[in-house]
Amino acid sequence: MSPASSNVPPALHELESELMELIWEHGECNVRSVLEALNKRSDKQRKYTTVMTTMARLDRKGLLIRRRDGRTDIYKPAMTRDEYLEARAAAEVGALVDNYGDAALVHFTRQMDQLDPERREQLRRLAHRDY
């Protein structure tokens with residue numbers, strides 16, 4: 001594993017992704033508030049212990065920051081949604097290029113050629129932006 005890859009946040013599983021979307025949307029949250037928001041959005045009702053365990057796992061993975069407020073754990077995102085997506089995209093594209101070399105780059109180029117010129121220019125500007 002290269003030193004840069006150690007800073008790459010892990011991919012999210014389905015429930016982790018749902019929880020992170022809620023937490024990115026709401027900012028600081030406790031388990032109960034995430035559980036209630038999650039269960040309002042879904043036909044599948046989750047249990048408190050499932051959400052608690054998943055949020056603790058996201059804290060261990062470095063995606064959430066946990067602080068104690070009395071007897072309640074309060075969680076907040078360790079990075080913004082955009083920062084997470086940027087880091088994951090860079091890791092995924094890097095892995096594709098590492099695994100498939102020029103073939104991956106040719107396919108990216110073909111995808112770019114199919115975009116309308118305005119979208120291509122927007123992507124070029126983003127590619128030259130400092131991160």
# chains A, B, ... in the order shown; residues from 1 in each chain; ligands from 1
>>> residues_around(residues="Asp59 (chain A)", least_positions_apart="2", cutoff="12 Å", atoms="only C-alpha atoms", output="number ranges by chain")
A: 9-10, 16, 19-20, 52-57, 61-67, 73-79
>>> closest_residue(among="A:Asn30, A:Gln122, A:Gln45, A:Asn7", to="Asp69 (chain A)", atoms="only C-alpha atoms")
A:Asn30
>>> closest_residue(among="A:Val8, A:Ile23, A:Arg71, A:Ser33", to="Gly94 (chain A)", atoms="only C-alpha atoms")
A:Val8
>>> residues_around(residues="Lys47 (chain A)", least_positions_apart="5", cutoff="12 Å", atoms="only C-alpha atoms", output="MDAnalysis selection string")
chainID A and resid 31:32 34:36 38:39 52:54
>>> atom_distance(atom1="CA of Asp43 (chain A)", atom2="CA of Thr80 (chain A)")
27.4 Å
>>> atom_distance(atom1="CA of Ser42 (chain A)", atom2="CA of Glu18 (chain A)")
10.2 Å
>>> atom_distance(atom1="CA of Ala87 (chain A)", atom2="CA of Thr50 (chain A)")
26.9 Å
>>> select_by_dssp(residues="chain A", states="alpha helix (DSSP H)", output="MDAnalysis selection string")
chainID A and resid 14:26 31:41 48:60 81:100 102:114 117:127
>>> write_last_selection(atoms="C-alpha atoms", output="CSV table (one decimal), in the first residue's frame")
chain,number,residue,atom,x,y,z
A,14,GLU,CA,-25.3,0.2,1.7
A,15,LEU,CA,-26.3,1.0,5.3
A,16,GLU,CA,-23.1,3.0,5.9
A,17,SER,CA,-23.8,5.1,2.8
A,18,GLU,CA,-27.4,5.8,4.0
A,19,LEU,CA,-26.1,6.8,7.4
A,20,MET,CA,-23.4,9.0,6.0
A,21,GLU,CA,-25.8,10.8,3.7
A,22,LEU,CA,-28.0,11.6,6.6
A,23,ILE,CA,-25.2,12.8,8.8
A,24,TRP,CA,-23.7,14.9,5.9
A,25,GLU,CA,-27.2,16.4,5.5
A,26,HIS,CA,-27.8,17.1,9.2
A,31,VAL,CA,-27.8,7.6,17.2
A,32,ARG,CA,-31.5,8.2,18.0
A,33,SER,CA,-31.9,11.1,15.5
A,34,VAL,CA,-30.2,9.2,12.8
A,35,LEU,CA,-32.3,6.2,13.5
A,36,GLU,CA,-35.5,8.2,13.3
A,37,ALA,CA,-34.5,10.0,10.1
A,38,LEU,CA,-33.5,6.7,8.5
A,39,ASN,CA,-36.7,4.9,9.4
A,40,LYS,CA,-38.8,7.8,8.1
A,41,ARG,CA,-37.2,7.5,4.7
A,48,TYR,CA,-31.3,1.2,17.3
A,49,THR,CA,-28.4,-1.3,18.0
A,50,THR,CA,-27.8,-1.7,14.2
A,51,VAL,CA,-27.5,2.0,13.7
A,52,MET,CA,-25.4,2.4,16.8
A,53,THR,CA,-23.0,-0.4,15.8
A,54,THR,CA,-22.7,1.0,12.2
A,55,MET,CA,-22.0,4.5,13.5
A,56,ALA,CA,-19.3,3.2,15.9
A,57,ARG,CA,-17.8,1.3,12.9
A,58,LEU,CA,-17.8,4.5,10.8
A,59,ASP,CA,-16.0,6.3,13.7
A,60,ARG,CA,-13.3,3.5,13.8
A,81,ARG,CA,-19.4,14.6,1.2
A,82,ASP,CA,-17.4,16.3,-1.6
A,83,GLU,CA,-14.1,15.6,0.1
A,84,TYR,CA,-15.1,11.9,0.5
A,85,LEU,CA,-16.3,11.6,-3.1
A,86,GLU,CA,-13.1,13.2,-4.4
A,87,ALA,CA,-10.8,10.9,-2.4
A,88,ARG,CA,-12.8,7.8,-3.4
A,89,ALA,CA,-12.9,8.8,-7.0
A,90,ALA,CA,-9.1,9.4,-7.1
A,91,ALA,CA,-8.5,6.0,-5.5
A,92,GLU,CA,-10.8,4.2,-7.8
A,93,VAL,CA,-9.5,5.8,-11.0
A,94,GLY,CA,-5.9,5.2,-9.7
A,95,ALA,CA,-6.7,1.5,-9.2
A,96,LEU,CA,-8.2,1.2,-12.7
A,97,VAL,CA,-5.1,2.8,-14.2
A,98,ASP,CA,-2.8,0.6,-12.1
A,99,ASN,CA,-4.7,-2.5,-13.0
A,100,TYR,CA,-5.5,-1.8,-16.7
A,102,ASP,CA,-3.5,2.4,-21.1
A,103,ALA,CA,-6.7,0.4,-21.8
A,104,ALA,CA,-8.4,2.3,-18.9
A,105,LEU,CA,-7.0,5.6,-20.1
A,106,VAL,CA,-8.3,4.9,-23.7
A,107,HIS,CA,-11.8,4.2,-22.3
A,108,PHE,CA,-11.7,7.5,-20.2
A,109,THR,CA,-10.7,9.4,-23.4
A,110,ARG,CA,-13.6,7.8,-25.4
A,111,GLN,CA,-16.0,8.7,-22.6
A,112,MET,CA,-14.7,12.3,-22.7
A,113,ASP,CA,-15.1,12.4,-26.5
A,114,GLN,CA,-18.8,11.5,-26.2
A,117,PRO,CA,-18.2,20.4,-25.6
A,118,GLU,CA,-19.5,22.5,-22.7
A,119,ARG,CA,-19.4,19.6,-20.3
A,120,ARG,CA,-15.8,18.7,-21.5
A,121,GLU,CA,-14.7,22.2,-20.8
A,122,GLN,CA,-16.3,22.2,-17.4
A,123,LEU,CA,-14.4,18.9,-16.6
A,124,ARG,CA,-11.1,20.4,-17.9
A,125,ARG,CA,-11.5,23.3,-15.5
A,126,LEU,CA,-12.2,21.0,-12.6
A,127,ALA,CA,-9.2,18.9,-13.5
>>> decode(residues="region 27-52 of chain A", atoms="N, CA and C atoms", output="mmCIF file, in the first residue's frame")
data_model
loop_
_atom_site.group_PDB
_atom_site.id
_atom_site.type_symbol
_atom_site.label_atom_id
_atom_site.label_comp_id
_atom_site.auth_asym_id
_atom_site.auth_seq_id
_atom_site.Cartn_x
_atom_site.Cartn_y
_atom_site.Cartn_z
ATOM 1 N N GLY A 27 -25.398 17.269 9.798
ATOM 2 C CA GLY A 27 -24.271 17.688 10.634
ATOM 3 C C GLY A 27 -24.171 16.799 11.855
ATOM 4 N N GLU A 28 -23.996 17.380 13.010
ATOM 5 C CA GLU A 28 -23.889 16.580 14.237
ATOM 6 C C GLU A 28 -25.199 15.876 14.550
ATOM 7 N N CYS A 29 -25.083 14.602 14.922
ATOM 8 C CA CYS A 29 -26.268 13.788 15.205
ATOM 9 C C CYS A 29 -25.956 12.776 16.287
ATOM 10 N N ASN A 30 -26.987 12.394 17.016
ATOM 11 C CA ASN A 30 -26.834 11.238 17.896
ATOM 12 C C ASN A 30 -27.487 10.042 17.203
ATOM 13 N N VAL A 31 -27.305 8.874 17.771
ATOM 14 C CA VAL A 31 -27.816 7.650 17.156
ATOM 15 C C VAL A 31 -29.333 7.716 16.991
ATOM 16 N N ARG A 32 -30.036 8.172 18.006
ATOM 17 C CA ARG A 32 -31.496 8.220 17.976
ATOM 18 C C ARG A 32 -31.996 9.084 16.817
ATOM 19 N N SER A 33 -31.403 10.260 16.620
ATOM 20 C CA SER A 33 -31.880 11.143 15.547
ATOM 21 C C SER A 33 -31.596 10.548 14.166
ATOM 22 N N VAL A 34 -30.471 9.866 14.023
ATOM 23 C CA VAL A 34 -30.167 9.212 12.750
ATOM 24 C C VAL A 34 -31.144 8.061 12.513
ATOM 25 N N LEU A 35 -31.403 7.275 13.550
ATOM 26 C CA LEU A 35 -32.349 6.160 13.450
ATOM 27 C C LEU A 35 -33.725 6.661 13.006
ATOM 28 N N GLU A 36 -34.217 7.712 13.642
ATOM 29 C CA GLU A 36 -35.539 8.239 13.311
ATOM 30 C C GLU A 36 -35.594 8.754 11.873
ATOM 31 N N ALA A 37 -34.560 9.490 11.447
ATOM 32 C CA ALA A 37 -34.525 10.009 10.073
ATOM 33 C C ALA A 37 -34.422 8.870 9.068
ATOM 34 N N LEU A 38 -33.622 7.880 9.373
ATOM 35 C CA LEU A 38 -33.462 6.721 8.495
ATOM 36 C C LEU A 38 -34.767 5.963 8.339
ATOM 37 N N ASN A 39 -35.440 5.704 9.454
ATOM 38 C CA ASN A 39 -36.681 4.940 9.413
ATOM 39 C C ASN A 39 -37.829 5.709 8.762
ATOM 40 N N LYS A 40 -37.786 7.046 8.784
ATOM 41 C CA LYS A 40 -38.796 7.845 8.084
ATOM 42 C C LYS A 40 -38.662 7.691 6.580
ATOM 43 N N ARG A 41 -37.436 7.510 6.105
ATOM 44 C CA ARG A 41 -37.156 7.457 4.666
ATOM 45 C C ARG A 41 -37.317 6.067 4.065
ATOM 46 N N SER A 42 -37.398 5.053 4.887
ATOM 47 C CA SER A 42 -37.301 3.696 4.378
ATOM 48 C C SER A 42 -38.462 2.829 4.847
ATOM 49 N N ASP A 43 -38.843 1.898 4.001
ATOM 50 C CA ASP A 43 -39.836 0.900 4.400
ATOM 51 C C ASP A 43 -39.218 -0.108 5.361
ATOM 52 N N LYS A 44 -37.926 -0.333 5.210
ATOM 53 C CA LYS A 44 -37.216 -1.274 6.079
ATOM 54 C C LYS A 44 -36.834 -0.556 7.375
ATOM 55 N N GLN A 45 -37.442 -0.948 8.467
ATOM 56 C CA GLN A 45 -37.190 -0.309 9.755
ATOM 57 C C GLN A 45 -35.937 -0.891 10.395
ATOM 58 N N ARG A 46 -34.992 -0.025 10.721
ATOM 59 C CA ARG A 46 -33.732 -0.435 11.340
ATOM 60 C C ARG A 46 -33.859 -0.372 12.858
ATOM 61 N N LYS A 47 -33.074 -1.155 13.523
ATOM 62 C CA LYS A 47 -33.055 -1.166 14.986
ATOM 63 C C LYS A 47 -31.974 -0.219 15.510
ATOM 64 N N TYR A 48 -32.196 0.266 16.706
ATOM 65 C CA TYR A 48 -31.260 1.192 17.342
ATOM 66 C C TYR A 48 -29.861 0.582 17.392
ATOM 67 N N THR A 49 -29.771 -0.671 17.820
ATOM 68 C CA THR A 49 -28.444 -1.292 17.976
ATOM 69 C C THR A 49 -27.724 -1.429 16.632
ATOM 70 N N THR A 50 -28.457 -1.645 15.553
ATOM 71 C CA THR A 50 -27.839 -1.737 14.221
ATOM 72 C C THR A 50 -27.228 -0.398 13.835
ATOM 73 N N VAL A 51 -27.981 0.674 14.031
ATOM 74 C CA VAL A 51 -27.494 2.012 13.694
ATOM 75 C C VAL A 51 -26.332 2.387 14.606
ATOM 76 N N MET A 52 -26.440 2.097 15.891
ATOM 77 C CA MET A 52 -25.371 2.406 16.848
ATOM 78 C C MET A 52 -24.077 1.698 16.459
#
